[in-house]
Amino acid sequence: MGRSSKDKRDIYYRLAKEEGWRARSAYKLLQINEEFDIFKGVTKAVDLCAAPGSWSQVLSRKLRGEGKSTSDVKIVAVDLQAMAPLPGVTQLQGDITKESTAREIVGHFDGEQADLVVCDGAPDVTGLHDIDEYIQAQLLLAALNITTHILKPGGTFVAKIFRGKDVTLLYSQLKIFFPNVTVAKPKSSRNSSIESFVVCQNYAPPKGYIPNMSNPLLDHSYDANFNNLEGPNRVIVPFLACGDLSAYDSDKTYPLQLEAGEGYTSLPPTQAPINPPYQTASALKKKDMLAKEIDQVTQGDVTMETEET
Ligand code: SAM
């Protein structure tokens with residue numbers, strides 16, 4: 001699609017260029033702010049997954065806006081990709097799921113805390129929804145993990161979230177740290193997209209929670225630590241891949257192991273399912289009766305009703 005046809009089709013794309021934003025995403029953060037007033041009193045902020053930088057531009061303009069003292073403003077922006085400089089924004093290039101990046105971000109705060117952490121992280125979408133949602137959830141949890149190190153009590157965390165089928169697990173993990181979690185869908189976010197934004201307010205980690213640099217989802221050495229975690233520190237549900245490297249990969253096809261001249265005989269199931277739910281559909285399919293109008297179909301000694309699907 002050419003630039004001019006995108007201009008005609010997408011008002012936010014056009015406006016972003018007219019108003020000097022690096023990406024149309026700027027409007028998402030601005031519209032979230034219209035509803036939640038997230039920049040009120042904020043001088044220190046972190047922008048995770050920031051490139052090309054329109055959210056950092058919004059932060060820079062809002063935190064360093066007219067008449068404000070800029071001396072105590074701190075904005076740290078991080079992305080895998082390099083980003084052109086922005087006034088008052090410290091940039092780091094790195095992967096937010098890596099402990100080294102998390103440490104670098106925390107290092108930039110010199111023991112101080114942030115008032116606001118935002119994360120617009122999105123993977124390169126594969127089109128395989130389960131994988132896209134899983135990777136996006138990992139970015140969100142990596143962002144949450146970094147947030148637990150630098151956000152001040154009472155602070156705000158805003159992050160992109162894909163509202164897939166397992167999203168409630170993410171909501172419950174966020175609720176452990178924030179009493180107020182709202183899902184926001186700015187007008188500038190297309191309805192056809194599963195993205196939304198969680199606005200998590202009033203950061204209040206559970207009493208006794210000690211932030212842990214190991215990312216429970218991605219750090220392979222986490223297993224050992226995990227077993228030592230107790231009480232409120234054992235709050236993020238870890239994902240562990242089980243089985244050693246010599247185990248069969250369930251997504252791979254392996255050749256049959258046959259002797260020369262030996263044919264293959266398929267074995268019956270050890271225990272056939274009893275009355276499985278697909279039995280009716282299989283019987284109808286055999287008689288080419290699936291997707292037919294409501295009708296009485298007699299199959300052997302079973303009488304079934306079929307419906308147009
Ligand atoms: N908020 C940005 C803006 O307004 O310009 C747009 C962010 S873009 C939708 C998503 C970004 O997430 C990409 O720049 C991508 O490089 C970044 N990203 C994806 N995975 C990442 C990771 N593991 N660590 C850091 N950045 C990541």
# chains A, B, ... in the order shown; residues from 1 in each chain; ligands from 1
>>> residues_near_ligand(ligand="ligand 1", cutoff="8 Å", atoms="only C-alpha atoms and all ligand atoms", output="PyMOL selection string")
chain A and resi 22-26+47-57+78-81+93-98+119-124+139
>>> write_last_selection(atoms="N, CA, C and O atoms", output="short mmCIF file (atom, residue, chain, number, x, y, z; two decimals), in the first residue's frame")
data_model
loop_
_atom_site.label_atom_id
_atom_site.label_comp_id
_atom_site.auth_asym_id
_atom_site.auth_seq_id
_atom_site.Cartn_x
_atom_site.Cartn_y
_atom_site.Cartn_z
N ARG A 22 6.18 10.55 15.71
CA ARG A 22 6.92 9.54 14.93
C ARG A 22 6.05 8.36 14.52
O ARG A 22 6.41 7.59 13.64
N ALA A 23 4.98 8.14 15.25
CA ALA A 23 4.09 7.03 14.92
C ALA A 23 2.67 7.39 15.36
O ALA A 23 2.49 8.22 16.26
N ARG A 24 1.69 6.75 14.72
CA ARG A 24 0.29 7.04 15.08
C ARG A 24 -0.01 6.56 16.51
O ARG A 24 -0.99 6.97 17.11
N SER A 25 0.88 5.68 17.07
CA SER A 25 0.66 5.17 18.44
C SER A 25 0.61 6.29 19.46
O SER A 25 0.06 6.10 20.55
N ALA A 26 1.21 7.44 19.14
CA ALA A 26 1.20 8.57 20.10
C ALA A 26 -0.22 8.84 20.58
O ALA A 26 -0.45 9.10 21.78
N ASP A 47 9.96 4.18 29.36
CA ASP A 47 9.21 3.77 28.17
C ASP A 47 9.84 2.49 27.64
O ASP A 47 10.93 2.53 27.07
N LEU A 48 9.17 1.36 27.86
CA LEU A 48 9.71 0.07 27.41
C LEU A 48 9.17 -0.24 26.02
O LEU A 48 7.98 -0.03 25.75
N CYS A 49 10.01 -0.77 25.16
CA CYS A 49 9.64 -1.08 23.77
C CYS A 49 9.21 0.22 23.08
O CYS A 49 8.07 0.37 22.65
N ALA A 50 10.14 1.13 23.01
CA ALA A 50 9.82 2.53 22.71
C ALA A 50 9.93 2.94 21.25
O ALA A 50 9.39 3.98 20.86
N ALA A 51 10.66 2.18 20.43
CA ALA A 51 10.94 2.64 19.06
C ALA A 51 9.66 2.58 18.19
O ALA A 51 8.83 1.70 18.41
N PRO A 52 9.47 3.47 17.26
CA PRO A 52 10.38 4.55 16.86
C PRO A 52 10.38 5.75 17.79
O PRO A 52 11.16 6.66 17.64
N GLY A 53 9.46 5.78 18.78
CA GLY A 53 9.62 6.81 19.81
C GLY A 53 8.47 7.77 20.01
O GLY A 53 8.63 8.78 20.69
N SER A 54 7.28 7.43 19.49
CA SER A 54 6.20 8.41 19.65
C SER A 54 5.72 8.50 21.11
O SER A 54 5.35 9.58 21.57
N TRP A 55 5.77 7.39 21.84
CA TRP A 55 5.37 7.47 23.27
C TRP A 55 6.43 8.27 24.04
O TRP A 55 6.09 9.04 24.94
N SER A 56 7.70 8.10 23.68
CA SER A 56 8.75 8.89 24.34
C SER A 56 8.57 10.37 24.01
O SER A 56 8.82 11.23 24.85
N GLN A 57 8.13 10.65 22.78
CA GLN A 57 7.85 12.06 22.44
C GLN A 57 6.75 12.62 23.33
O GLN A 57 6.85 13.73 23.83
N VAL A 78 13.67 2.29 26.14
CA VAL A 78 14.40 1.06 25.79
C VAL A 78 13.73 0.37 24.60
O VAL A 78 12.49 0.29 24.55
N ASP A 79 14.51 -0.13 23.70
CA ASP A 79 13.96 -0.95 22.61
C ASP A 79 15.06 -1.83 22.04
O ASP A 79 16.25 -1.53 22.19
N LEU A 80 14.64 -2.90 21.38
CA LEU A 80 15.58 -3.75 20.65
C LEU A 80 16.22 -2.96 19.51
O LEU A 80 17.38 -3.15 19.17
N GLN A 81 15.42 -2.07 18.94
CA GLN A 81 15.85 -1.27 17.78
C GLN A 81 16.47 0.04 18.25
O GLN A 81 16.07 0.58 19.27
N GLN A 93 19.54 0.45 24.15
CA GLN A 93 19.14 -0.55 23.17
C GLN A 93 19.28 -1.92 23.82
O GLN A 93 20.37 -2.27 24.28
N GLY A 94 18.20 -2.66 23.90
CA GLY A 94 18.29 -3.97 24.56
C GLY A 94 16.96 -4.68 24.56
O GLY A 94 15.92 -4.12 24.20
N ASP A 95 17.03 -5.93 25.00
CA ASP A 95 15.85 -6.81 25.03
C ASP A 95 15.28 -6.74 26.45
O ASP A 95 15.96 -7.10 27.41
N ILE A 96 14.03 -6.33 26.59
CA ILE A 96 13.49 -6.15 27.95
C ILE A 96 13.27 -7.48 28.68
O ILE A 96 13.04 -7.51 29.87
N THR A 97 13.34 -8.60 27.95
CA THR A 97 13.18 -9.89 28.62
C THR A 97 14.51 -10.38 29.20
O THR A 97 14.56 -11.42 29.84
N LYS A 98 15.60 -9.63 28.95
CA LYS A 98 16.91 -10.05 29.44
C LYS A 98 17.22 -9.36 30.76
O LYS A 98 16.98 -8.15 30.93
N CYS A 119 4.65 0.54 28.52
CA CYS A 119 5.22 -0.50 27.64
C CYS A 119 4.25 -0.76 26.49
O CYS A 119 3.12 -1.18 26.71
N ASP A 120 4.71 -0.48 25.29
CA ASP A 120 3.88 -0.70 24.09
C ASP A 120 4.42 -1.90 23.32
O ASP A 120 4.29 -1.98 22.10
N GLY A 121 5.06 -2.80 24.03
CA GLY A 121 5.78 -3.91 23.39
C GLY A 121 4.89 -4.83 22.59
O GLY A 121 3.82 -5.23 23.03
N ALA A 122 5.36 -5.13 21.41
CA ALA A 122 4.64 -6.08 20.55
C ALA A 122 5.66 -6.90 19.79
O ALA A 122 6.67 -6.36 19.35
N PRO A 123 5.39 -8.19 19.65
CA PRO A 123 6.32 -9.01 18.87
C PRO A 123 6.06 -8.79 17.38
O PRO A 123 5.06 -8.18 17.01
N ASP A 124 6.95 -9.29 16.54
CA ASP A 124 6.65 -9.33 15.11
C ASP A 124 5.56 -10.37 14.95
O ASP A 124 5.79 -11.55 15.19
N LEU A 139 6.32 -10.36 26.97
CA LEU A 139 6.80 -8.97 27.01
C LEU A 139 6.14 -8.23 28.17
O LEU A 139 6.80 -7.50 28.91
#
>>> residues_around(residues="Ser172 of chain A", least_positions_apart="5", cutoff="10 Å", atoms="only C-alpha atoms", output="PyMOL selection string")
chain A and resi 167+177-178+181+236
>>> write_last_selection(atoms="C-alpha atoms", output="compact mmCIF listing (two decimals), in the first residue's frame")
# COMPACT_ATOMS: atom_id res chain seq x y z
CA VAL A 167 -5.84 -12.94 29.25
CA PHE A 177 0.59 -5.65 42.38
CA PHE A 178 -2.05 -3.06 41.57
CA VAL A 181 -6.40 -2.53 36.87
CA ILE A 236 4.31 -14.85 39.26
>>> closest_residue(among="A:Val158, A:Ala45, A:Val118, A:Ala204", to="Ala184 of chain A", atoms="only C-alpha atoms")
A:Val158
>>> residues_around(residues="Lys187 of chain A", least_positions_apart="6", cutoff="12 Å", atoms="only C-alpha atoms", output="ChimeraX atom specification")
/A:11-12,24-32,34-35,193,195-197
>>> select_by_dssp(residues="segment 36-86 of chain A", states="helix (DSSP H, G or I)", output="CSV table (one decimal) with N, CA, C and O atoms, in the first residue's frame")
chain,number,residue,atom,x,y,z
A,36,PHE,N,-7.3,8.8,32.0
A,36,PHE,CA,-6.8,8.4,33.3
A,36,PHE,C,-5.8,9.5,33.9
A,36,PHE,O,-5.3,9.2,35.0
A,54,SER,N,7.3,7.4,19.5
A,54,SER,CA,6.2,8.4,19.6
A,54,SER,C,5.7,8.5,21.1
A,54,SER,O,5.3,9.6,21.6
A,55,TRP,N,5.8,7.4,21.8
A,55,TRP,CA,5.4,7.5,23.3
A,55,TRP,C,6.4,8.3,24.0
A,55,TRP,O,6.1,9.0,24.9
A,56,SER,N,7.7,8.1,23.7
A,56,SER,CA,8.7,8.9,24.3
A,56,SER,C,8.6,10.4,24.0
A,56,SER,O,8.8,11.2,24.9
A,57,GLN,N,8.1,10.7,22.8
A,57,GLN,CA,7.9,12.1,22.4
A,57,GLN,C,6.8,12.6,23.3
A,57,GLN,O,6.9,13.7,23.8
A,58,VAL,N,5.7,11.8,23.5
A,58,VAL,CA,4.6,12.3,24.4
A,58,VAL,C,5.1,12.5,25.8
A,58,VAL,O,4.8,13.6,26.4
A,59,LEU,N,5.9,11.6,26.3
A,59,LEU,CA,6.5,11.7,27.7
A,59,LEU,C,7.3,13.0,27.7
A,59,LEU,O,7.2,13.8,28.7
A,60,SER,N,8.2,13.2,26.7
A,60,SER,CA,9.1,14.3,26.7
A,60,SER,C,8.3,15.6,26.7
A,60,SER,O,8.5,16.5,27.5
A,61,ARG,N,7.2,15.7,25.9
A,61,ARG,CA,6.4,16.9,25.8
A,61,ARG,C,5.6,17.1,27.1
A,61,ARG,O,5.5,18.3,27.6
A,62,LYS,N,5.1,16.1,27.6
A,62,LYS,CA,4.2,16.2,28.8
A,62,LYS,C,5.1,16.5,30.1
A,62,LYS,O,4.7,17.3,30.9
A,63,LEU,N,6.2,15.8,30.2
A,63,LEU,CA,7.0,16.0,31.5
A,63,LEU,C,7.9,17.2,31.4
A,63,LEU,O,8.2,17.7,32.5
